Amino acid sequence: MNICVFLSAADLDERYTRPAREFAKLIGKGGHTLVWGGSNVGLMKVVADGVEEAGGRLVGVSVEFLANKTRPAADEMVIASDLAERKKLLLEKADAVVVMVGGTGTLDEATEILELKKHGRTQKPVVLLNTAGFYDGLREQFLRMEEEGFLPRPLADLVFFAEEPVGALAYLEEQLGTR
């Protein structure tokens, strides 16, 4: 399975890096491929290192203005001209999406895949990995959107909230029948 992971490239605290490493090892040991932003810094590097060490493949999609931060030994690296093309390529190369902790870029990527799902433009499973309760507020906002009629589909049809890495991968394997 090609698993696209949206996440931060920032250097983060152990409460975020530990679960990221754990999820990365699960991807690699499961024989899956990581599709990610291609960066070799911060949390993106942590995940790429973990996948590679556990025997998984690395497919990066970076963007021209960040090309100097790409991982040199990825199995595949594509450089997009802008962020919109990058998101499109990431999603094209993926069978499933996992949203890990991140900032505005990660949030932009997450809301785009959910919007595509909402309108039936993709059926790819999406998981929000709620490490250390990072997305509790977002989950509350999504539930409010659902309750007040802003979502034409139930929230559960759009995204699965996983509290732990093992639950995230189990959900994806179940959804895609790779278990």
# chains A, B, ... in the order shown; residues from 1 in each chain; ligands from 1
$ residues_around --residues "Val166 (chain A)" --least-positions-apart "6" --cutoff "12 Å" --atoms "only C-alpha atoms" --output "JSON, numbers by chain"
{"A": [19, 20, 21, 22, 23, 24, 25, 26, 27, 30, 127, 129, 131, 172, 173]}
$ write_last_selection --atoms "N, CA and C atoms" --output "PDB file, in the first residue's frame"
ATOM      1  N   PRO A  19       5.634   8.598  18.505  1.00  0.00           N
ATOM      2  CA  PRO A  19       4.579   7.950  17.718  1.00  0.00           C
ATOM      3  C   PRO A  19       4.865   7.989  16.210  1.00  0.00           C
ATOM      4  N   ALA A  20       5.533   9.028  15.744  1.00  0.00           N
ATOM      5  CA  ALA A  20       5.882   9.117  14.322  1.00  0.00           C
ATOM      6  C   ALA A  20       6.848   7.996  13.945  1.00  0.00           C
ATOM      7  N   ARG A  21       7.855   7.770  14.785  1.00  0.00           N
ATOM      8  CA  ARG A  21       8.799   6.669  14.545  1.00  0.00           C
ATOM      9  C   ARG A  21       8.072   5.322  14.570  1.00  0.00           C
ATOM     10  N   GLU A  22       7.163   5.173  15.524  1.00  0.00           N
ATOM     11  CA  GLU A  22       6.401   3.932  15.643  1.00  0.00           C
ATOM     12  C   GLU A  22       5.576   3.677  14.380  1.00  0.00           C
ATOM     13  N   PHE A  23       4.883   4.705  13.898  1.00  0.00           N
ATOM     14  CA  PHE A  23       4.077   4.552  12.690  1.00  0.00           C
ATOM     15  C   PHE A  23       4.963   4.238  11.487  1.00  0.00           C
ATOM     16  N   ALA A  24       6.106   4.908  11.400  1.00  0.00           N
ATOM     17  CA  ALA A  24       7.040   4.675  10.298  1.00  0.00           C
ATOM     18  C   ALA A  24       7.505   3.225  10.275  1.00  0.00           C
ATOM     19  N   LYS A  25       7.829   2.681  11.437  1.00  0.00           N
ATOM     20  CA  LYS A  25       8.270   1.274  11.502  1.00  0.00           C
ATOM     21  C   LYS A  25       7.157   0.337  11.067  1.00  0.00           C
ATOM     22  N   LEU A  26       5.919   0.648  11.433  1.00  0.00           N
ATOM     23  CA  LEU A  26       4.788  -0.170  11.006  1.00  0.00           C
ATOM     24  C   LEU A  26       4.629  -0.152   9.484  1.00  0.00           C
ATOM     25  N   ILE A  27       4.827   1.007   8.887  1.00  0.00           N
ATOM     26  CA  ILE A  27       4.752   1.118   7.422  1.00  0.00           C
ATOM     27  C   ILE A  27       5.816   0.228   6.787  1.00  0.00           C
ATOM     28  N   GLY A  30       5.425  -3.537   7.361  1.00  0.00           N
ATOM     29  CA  GLY A  30       4.274  -4.043   6.619  1.00  0.00           C
ATOM     30  C   GLY A  30       4.520  -4.140   5.127  1.00  0.00           C
ATOM     31  N   VAL A 127      -6.943   8.981   7.588  1.00  0.00           N
ATOM     32  CA  VAL A 127      -6.807   8.867   9.037  1.00  0.00           C
ATOM     33  C   VAL A 127      -6.168  10.133   9.573  1.00  0.00           C
ATOM     34  N   LEU A 129      -4.151  11.039  12.684  1.00  0.00           N
ATOM     35  CA  LEU A 129      -3.451  10.446  13.816  1.00  0.00           C
ATOM     36  C   LEU A 129      -3.352  11.511  14.901  1.00  0.00           C
ATOM     37  N   THR A 131      -2.078  12.315  17.727  1.00  0.00           N
ATOM     38  CA  THR A 131      -0.981  12.164  18.674  1.00  0.00           C
ATOM     39  C   THR A 131      -1.079  13.194  19.798  1.00  0.00           C
ATOM     40  N   LEU A 172      -6.362   1.369   7.961  1.00  0.00           N
ATOM     41  CA  LEU A 172      -6.043   1.425   6.528  1.00  0.00           C
ATOM     42  C   LEU A 172      -6.021   0.033   5.914  1.00  0.00           C
ATOM     43  N   GLU A 173      -5.396  -0.913   6.598  1.00  0.00           N
ATOM     44  CA  GLU A 173      -5.327  -2.277   6.076  1.00  0.00           C
ATOM     45  C   GLU A 173      -6.718  -2.886   5.955  1.00  0.00           C
TER      46      GLU A 173
END
$ residues_around --residues "Gly28 (chain A)" --least-positions-apart "3" --cutoff "10 Å" --atoms "only C-alpha atoms" --output "ChimeraX atom specification"
/A:23-25,31-34,48-58
$ select_by_dssp --residues "region 101-163 of chain A" --states "strand (DSSP E or B)" --output "PDB file with all heavy atoms, in the first residue's frame"
ATOM      1  N   VAL A 126      -8.841   8.022   4.849  1.00  0.00           N
ATOM      2  CA  VAL A 126      -8.087   9.108   5.479  1.00  0.00           C
ATOM      3  C   VAL A 126      -8.121   8.903   6.982  1.00  0.00           C
ATOM      4  O   VAL A 126      -9.181   8.704   7.566  1.00  0.00           O
ATOM      5  CB  VAL A 126      -8.694  10.493   5.131  1.00  0.00           C
ATOM      6  CG1 VAL A 126      -7.931  11.612   5.833  1.00  0.00           C
ATOM      7  CG2 VAL A 126      -8.715  10.713   3.626  1.00  0.00           C
ATOM      8  N   VAL A 127      -6.943   8.981   7.588  1.00  0.00           N
ATOM      9  CA  VAL A 127      -6.807   8.867   9.037  1.00  0.00           C
ATOM     10  C   VAL A 127      -6.168  10.133   9.573  1.00  0.00           C
ATOM     11  O   VAL A 127      -5.182  10.623   9.024  1.00  0.00           O
ATOM     12  CB  VAL A 127      -5.923   7.660   9.431  1.00  0.00           C
ATOM     13  CG1 VAL A 127      -5.675   7.646  10.933  1.00  0.00           C
ATOM     14  CG2 VAL A 127      -6.547   6.362   8.975  1.00  0.00           C
ATOM     15  N   LEU A 128      -6.737  10.658  10.630  1.00  0.00           N
ATOM     16  CA  LEU A 128      -6.090  11.725  11.393  1.00  0.00           C
ATOM     17  C   LEU A 128      -5.474  11.057  12.609  1.00  0.00           C
ATOM     18  O   LEU A 128      -6.190  10.507  13.454  1.00  0.00           O
ATOM     19  CB  LEU A 128      -7.113  12.776  11.832  1.00  0.00           C
ATOM     20  CG  LEU A 128      -7.048  14.066  11.042  1.00  0.00           C
ATOM     21  CD1 LEU A 128      -8.413  14.650  10.831  1.00  0.00           C
ATOM     22  CD2 LEU A 128      -6.160  15.048  11.758  1.00  0.00           C
ATOM     23  N   LEU A 129      -4.151  11.039  12.684  1.00  0.00           N
ATOM     24  CA  LEU A 129      -3.451  10.446  13.816  1.00  0.00           C
ATOM     25  C   LEU A 129      -3.352  11.511  14.901  1.00  0.00           C
ATOM     26  O   LEU A 129      -2.581  12.460  14.794  1.00  0.00           O
ATOM     27  CB  LEU A 129      -2.074   9.932  13.391  1.00  0.00           C
ATOM     28  CG  LEU A 129      -1.266   9.183  14.432  1.00  0.00           C
ATOM     29  CD1 LEU A 129      -2.066   8.057  15.086  1.00  0.00           C
ATOM     30  CD2 LEU A 129       0.008   8.631  13.814  1.00  0.00           C
ATOM     31  N   PHE A 160     -11.129   8.935   9.744  1.00  0.00           N
ATOM     32  CA  PHE A 160     -11.062   8.112  10.943  1.00  0.00           C
ATOM     33  C   PHE A 160     -10.036   8.732  11.879  1.00  0.00           C
ATOM     34  O   PHE A 160      -8.914   9.017  11.458  1.00  0.00           O
ATOM     35  CB  PHE A 160     -10.652   6.678  10.578  1.00  0.00           C
ATOM     36  CG  PHE A 160     -10.450   5.780  11.762  1.00  0.00           C
ATOM     37  CD1 PHE A 160     -11.539   5.243  12.437  1.00  0.00           C
ATOM     38  CD2 PHE A 160      -9.171   5.468  12.199  1.00  0.00           C
ATOM     39  CE1 PHE A 160     -11.354   4.409  13.536  1.00  0.00           C
ATOM     40  CE2 PHE A 160      -8.980   4.632  13.290  1.00  0.00           C
ATOM     41  CZ  PHE A 160     -10.075   4.102  13.965  1.00  0.00           C
ATOM     42  N   PHE A 161     -10.413   8.973  13.113  1.00  0.00           N
ATOM     43  CA  PHE A 161      -9.482   9.499  14.105  1.00  0.00           C
ATOM     44  C   PHE A 161      -8.842   8.331  14.842  1.00  0.00           C
ATOM     45  O   PHE A 161      -9.553   7.524  15.454  1.00  0.00           O
ATOM     46  CB  PHE A 161     -10.197  10.412  15.106  1.00  0.00           C
ATOM     47  CG  PHE A 161     -10.446  11.787  14.590  1.00  0.00           C
ATOM     48  CD1 PHE A 161     -11.550  12.053  13.793  1.00  0.00           C
ATOM     49  CD2 PHE A 161      -9.582  12.829  14.889  1.00  0.00           C
ATOM     50  CE1 PHE A 161     -11.788  13.325  13.303  1.00  0.00           C
ATOM     51  CE2 PHE A 161      -9.816  14.111  14.408  1.00  0.00           C
ATOM     52  CZ  PHE A 161     -10.919  14.354  13.617  1.00  0.00           C
ATOM     53  N   ALA A 162      -7.524   8.221  14.767  1.00  0.00           N
ATOM     54  CA  ALA A 162      -6.776   7.174  15.474  1.00  0.00           C
ATOM     55  C   ALA A 162      -5.958   7.829  16.577  1.00  0.00           C
ATOM     56  O   ALA A 162      -5.333   8.871  16.351  1.00  0.00           O
ATOM     57  CB  ALA A 162      -5.863   6.430  14.522  1.00  0.00           C
TER      58      ALA A 162
END
$ closest_residue --among "A:Leu155, A:Val59, A:Ala96, A:Leu107" --to "Gly177 (chain A)" --atoms "only C-alpha atoms"
A:Ala96
$ closest_residue --among "A:Gln141, A:Ser39, A:Ser62, A:Ala94" --to "Ser81 (chain A)" --atoms "only C-alpha atoms"
A:Ser62
$ residues_around --residues "region 63-74 of chain A" --least-positions-apart "2" --cutoff "8 Å" --atoms "only C-alpha atoms" --output "PyMOL selection string"
chain A and resi 38-41+45+57-61+76-77+79-83+86
$ write_last_selection --atoms "C-alpha atoms" --output "PDB file, in the first residue's frame"
ATOM      1  CA  GLY A  38      10.249  14.542   0.435  1.00  0.00           C
ATOM      2  CA  SER A  39      11.911  16.613   3.123  1.00  0.00           C
ATOM      3  CA  ASN A  40      14.945  15.346   5.003  1.00  0.00           C
ATOM      4  CA  VAL A  41      14.418  17.572   8.051  1.00  0.00           C
ATOM      5  CA  LYS A  45      13.027  12.988   8.333  1.00  0.00           C
ATOM      6  CA  ARG A  57      10.108   2.313   0.156  1.00  0.00           C
ATOM      7  CA  LEU A  58      10.287   6.120   0.052  1.00  0.00           C
ATOM      8  CA  VAL A  59       8.488   8.196  -2.578  1.00  0.00           C
ATOM      9  CA  GLY A  60       8.975  11.926  -2.085  1.00  0.00           C
ATOM     10  CA  VAL A  61       7.137  14.808  -3.714  1.00  0.00           C
ATOM     11  CA  GLU A  76      11.747   8.147  -6.008  1.00  0.00           C
ATOM     12  CA  MET A  77      11.728  11.950  -5.786  1.00  0.00           C
ATOM     13  CA  ILE A  79       9.880  18.054  -7.714  1.00  0.00           C
ATOM     14  CA  ALA A  80       6.617  19.908  -8.319  1.00  0.00           C
ATOM     15  CA  SER A  81       6.501  23.494  -9.528  1.00  0.00           C
ATOM     16  CA  ASP A  82       4.163  24.704  -6.765  1.00  0.00           C
ATOM     17  CA  LEU A  83       2.240  23.546  -3.693  1.00  0.00           C
ATOM     18  CA  ARG A  86       2.639  18.890  -5.041  1.00  0.00           C
TER      19      ARG A  86
END
$ residues_around --residues "Thr104 (chain A)" --least-positions-apart "4" --cutoff "12 Å" --atoms "only C-alpha atoms" --output "ChimeraX atom specification"
/A:6-10,108-111
$ atom_distance --atom1 "CA of Val98 (chain A)" --atom2 "CA of Phe150 (chain A)"
23.0 Å
$ select_by_dssp --residues "region 39-108 of chain A" --states "alpha helix (DSSP H)" --output "PyMOL selection string"
chain A and resi 42-53+83-92+104-108
$ write_last_selection --atoms "C-alpha atoms" --output "mmCIF file, in the first residue's frame"
data_model
loop_
_atom_site.group_PDB
_atom_site.id
_atom_site.type_symbol
_atom_site.label_atom_id
_atom_site.label_comp_id
_atom_site.auth_asym_id
_atom_site.auth_seq_id
_atom_site.Cartn_x
_atom_site.Cartn_y
_atom_site.Cartn_z
ATOM 1 C CA GLY A 42 12.319 17.525 11.195
ATOM 2 C CA LEU A 43 9.430 15.128 11.631
ATOM 3 C CA MET A 44 9.479 14.315 7.909
ATOM 4 C CA LYS A 45 13.027 12.988 8.333
ATOM 5 C CA VAL A 46 12.043 11.003 11.434
ATOM 6 C CA VAL A 47 9.298 9.224 9.494
ATOM 7 C CA ALA A 48 11.400 8.637 6.375
ATOM 8 C CA ASP A 49 14.259 7.244 8.502
ATOM 9 C CA GLY A 50 11.896 4.870 10.296
ATOM 10 C CA VAL A 51 10.282 3.576 7.102
ATOM 11 C CA GLU A 52 13.649 3.066 5.422
ATOM 12 C CA GLU A 53 15.177 1.325 8.462
ATOM 13 C CA LEU A 83 2.240 23.546 -3.693
ATOM 14 C CA ALA A 84 -0.969 22.837 -5.604
ATOM 15 C CA GLU A 85 0.845 20.497 -8.005
ATOM 16 C CA ARG A 86 2.639 18.890 -5.041
ATOM 17 C CA LYS A 87 -0.656 18.054 -3.297
ATOM 18 C CA LYS A 88 -2.084 16.668 -6.526
ATOM 19 C CA LEU A 89 0.941 14.421 -7.085
ATOM 20 C CA LEU A 90 1.025 13.236 -3.473
ATOM 21 C CA LEU A 91 -2.609 12.182 -3.687
ATOM 22 C CA GLU A 92 -2.185 10.561 -7.108
ATOM 23 C CA THR A 104 -0.851 25.321 8.365
ATOM 24 C CA GLY A 105 0.582 23.358 5.441
ATOM 25 C CA THR A 106 -0.524 20.074 6.991
ATOM 26 C CA LEU A 107 -3.941 21.513 7.761
ATOM 27 C CA ASP A 108 -4.259 22.710 4.153
#
$ atom_distance --atom1 "CA of Leu116 (chain A)" --atom2 "CA of Leu158 (chain A)"
9.4 Å
$ closest_residue --among "A:Leu151, A:Val97, A:Leu114, A:Leu138" --to "Asn2 (chain A)" --atoms "only C-alpha atoms"
A:Val97
$ atom_distance --atom1 "CA of Glu164 (chain A)" --atom2 "CA of Glu148 (chain A)"
28.8 Å
$ closest_residue --among "A:Pro125, A:Arg15, A:Val35, A:Ala132" --to "Lys93 (chain A)" --atoms "only C-alpha atoms"
A:Val35
$ residues_around --residues "Asp95 (chain A)" --least-positions-apart "4" --cutoff "7 Å" --atoms "only C-alpha atoms" --output "list in words"
Met1, Asn2, Ile3 and Lys124 of chain A
